[in-house]
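Novice: After the structure tokens below, expect a handful of questions from me.
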Amino acid sequence: PQGANALANRGFVKQSLGDTTGAILDYTSAMMLDPDNPKYYLHRREAYLRQGDLANAKQDADKVAALQTIQSLGAAVKARPKDADAY
């Protein structure tokens, strides 16, 4: 697969089959194509948790929180483009 969603879907299938290492590789590849999409970090976090890799799972959780903050700020600016507080 060449698309981010296809890679993430393949990762999900691998994870469902117990191949967490393969899933992590696919999620990481998806993130390289679409680095601002929090769902790939969430999926990879789950795979890290299944492996017991708490440090990497926490890094992905932190990245998700940062991306969600950026997305909510972007939505506020879009909703009120003339409101300086949104910026």
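Chains: A, B, ... in order of the structure tokens. Residues: from 1 per chain. Ligands: from 1, in order shown.
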What residues in region 8-39 of chain A get the DSSP label helix (DSSP H, G or I)? Please answer as a compact mmCIF listing (two decimals) with N, CA and C atoms, in the first residue's frame.
Specialist:
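result.txt was written with the following content:
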```
# COMPACT_ATOMS: atom_id res chain seq x y z
N ALA A 8 -2.38 2.07 7.52
CA ALA A 8 -2.97 1.96 8.85
C ALA A 8 -3.93 0.79 8.93
N ASN A 9 -4.71 0.56 7.88
CA ASN A 9 -5.63 -0.57 7.88
C ASN A 9 -4.87 -1.89 7.92
N ARG A 10 -3.79 -1.95 7.17
CA ARG A 10 -2.97 -3.17 7.20
C ARG A 10 -2.38 -3.36 8.60
N GLY A 11 -1.96 -2.25 9.21
CA GLY A 11 -1.44 -2.33 10.58
C GLY A 11 -2.49 -2.83 11.55
N PHE A 12 -3.71 -2.37 11.37
CA PHE A 12 -4.80 -2.81 12.24
C PHE A 12 -5.03 -4.31 12.09
N VAL A 13 -4.99 -4.81 10.86
CA VAL A 13 -5.16 -6.24 10.62
C VAL A 13 -4.01 -7.02 11.27
N LYS A 14 -2.79 -6.54 11.08
CA LYS A 14 -1.64 -7.22 11.69
C LYS A 14 -1.78 -7.23 13.21
N GLN A 15 -2.19 -6.12 13.77
CA GLN A 15 -2.35 -6.05 15.22
C GLN A 15 -3.42 -7.02 15.69
N SER A 16 -4.51 -7.10 14.94
CA SER A 16 -5.59 -8.02 15.29
C SER A 16 -5.14 -9.48 15.24
N THR A 20 2.18 -7.35 16.49
CA THR A 20 2.26 -5.95 16.92
C THR A 20 3.48 -5.25 16.33
N THR A 21 4.57 -5.96 16.14
CA THR A 21 5.75 -5.34 15.54
C THR A 21 5.45 -4.89 14.11
N GLY A 22 4.82 -5.74 13.34
CA GLY A 22 4.42 -5.38 11.98
C GLY A 22 3.42 -4.24 11.96
N ALA A 23 2.51 -4.25 12.92
CA ALA A 23 1.52 -3.18 13.02
C ALA A 23 2.20 -1.85 13.31
N ILE A 24 3.15 -1.85 14.23
CA ILE A 24 3.87 -0.62 14.57
C ILE A 24 4.59 -0.07 13.33
N LEU A 25 5.20 -0.93 12.56
CA LEU A 25 5.87 -0.49 11.33
C LEU A 25 4.89 0.14 10.36
N ASP A 26 3.72 -0.47 10.19
CA ASP A 26 2.72 0.07 9.27
C ASP A 26 2.16 1.40 9.78
N TYR A 27 1.87 1.50 11.07
CA TYR A 27 1.37 2.75 11.63
C TYR A 27 2.42 3.86 11.47
N THR A 28 3.68 3.51 11.70
CA THR A 28 4.75 4.50 11.55
C THR A 28 4.85 4.95 10.10
N SER A 29 4.72 4.04 9.17
CA SER A 29 4.74 4.41 7.75
C SER A 29 3.57 5.32 7.41
N ALA A 30 2.41 5.04 7.97
CA ALA A 30 1.24 5.90 7.74
C ALA A 30 1.49 7.30 8.29
N MET A 31 2.13 7.37 9.45
CA MET A 31 2.43 8.67 10.06
C MET A 31 3.41 9.47 9.22
N MET A 32 4.31 8.79 8.55
CA MET A 32 5.27 9.50 7.70
C MET A 32 4.56 10.17 6.52
N LEU A 33 3.48 9.56 6.06
CA LEU A 33 2.71 10.14 4.96
C LEU A 33 1.71 11.19 5.43
N PRO A 38 -4.00 12.20 14.22
CA PRO A 38 -3.83 11.55 15.52
C PRO A 38 -4.23 10.08 15.57
N LYS A 39 -5.08 9.63 14.65
CA LYS A 39 -5.55 8.24 14.75
C LYS A 39 -4.42 7.24 14.57
```
Novice: Under the rule that only C-alpha atoms are counted, which of A:Ile70, A:Ala4, A:Asn37, A:Ala47 is the nearest residue to Leu17 (chain A)?
Specialist: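 Closest to Leu17 (chain A), using only C-alpha atoms: A:Ala47.
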Novice: Which residues are near Arg45 (chain A)? Cut-off 7 Å, only C-alpha atoms, ignore same chain within fewer than 4 positions. Put them as an NGL selection string.
Specialist: :A and (41 or 49 or 57 or 60-61)
Novice: Those selected residues, please, written with N, CA, C and O atoms and delivered as an mmCIF file, in the first residue's frame.
Specialist:
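Below you can see out-v1.cif, which holds the result:
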```
data_model
loop_
_atom_site.group_PDB
_atom_site.id
_atom_site.type_symbol
_atom_site.label_atom_id
_atom_site.label_comp_id
_atom_site.auth_asym_id
_atom_site.auth_seq_id
_atom_site.Cartn_x
_atom_site.Cartn_y
_atom_site.Cartn_z
ATOM 1 N N TYR A 41 -1.330 7.653 15.568
ATOM 2 C CA TYR A 41 -0.616 7.625 16.849
ATOM 3 C C TYR A 41 -1.408 6.829 17.893
ATOM 4 O O TYR A 41 -0.826 6.117 18.703
ATOM 5 N N LEU A 49 1.344 -0.535 23.812
ATOM 6 C CA LEU A 49 0.809 -1.014 25.090
ATOM 7 C C LEU A 49 0.726 -2.535 25.107
ATOM 8 O O LEU A 49 1.032 -3.168 26.125
ATOM 9 N N ALA A 57 4.503 4.301 24.232
ATOM 10 C CA ALA A 57 3.052 4.528 24.293
ATOM 11 C C ALA A 57 2.762 5.914 24.847
ATOM 12 O O ALA A 57 1.881 6.623 24.346
ATOM 13 N N ASP A 60 3.440 8.597 22.224
ATOM 14 C CA ASP A 60 2.341 8.691 21.255
ATOM 15 C C ASP A 60 1.121 9.362 21.873
ATOM 16 O O ASP A 60 0.451 10.158 21.217
ATOM 17 N N ALA A 61 0.838 9.084 23.143
ATOM 18 C CA ALA A 61 -0.286 9.731 23.816
ATOM 19 C C ALA A 61 -0.059 11.238 23.905
ATOM 20 O O ALA A 61 -0.989 12.034 23.691
#
```
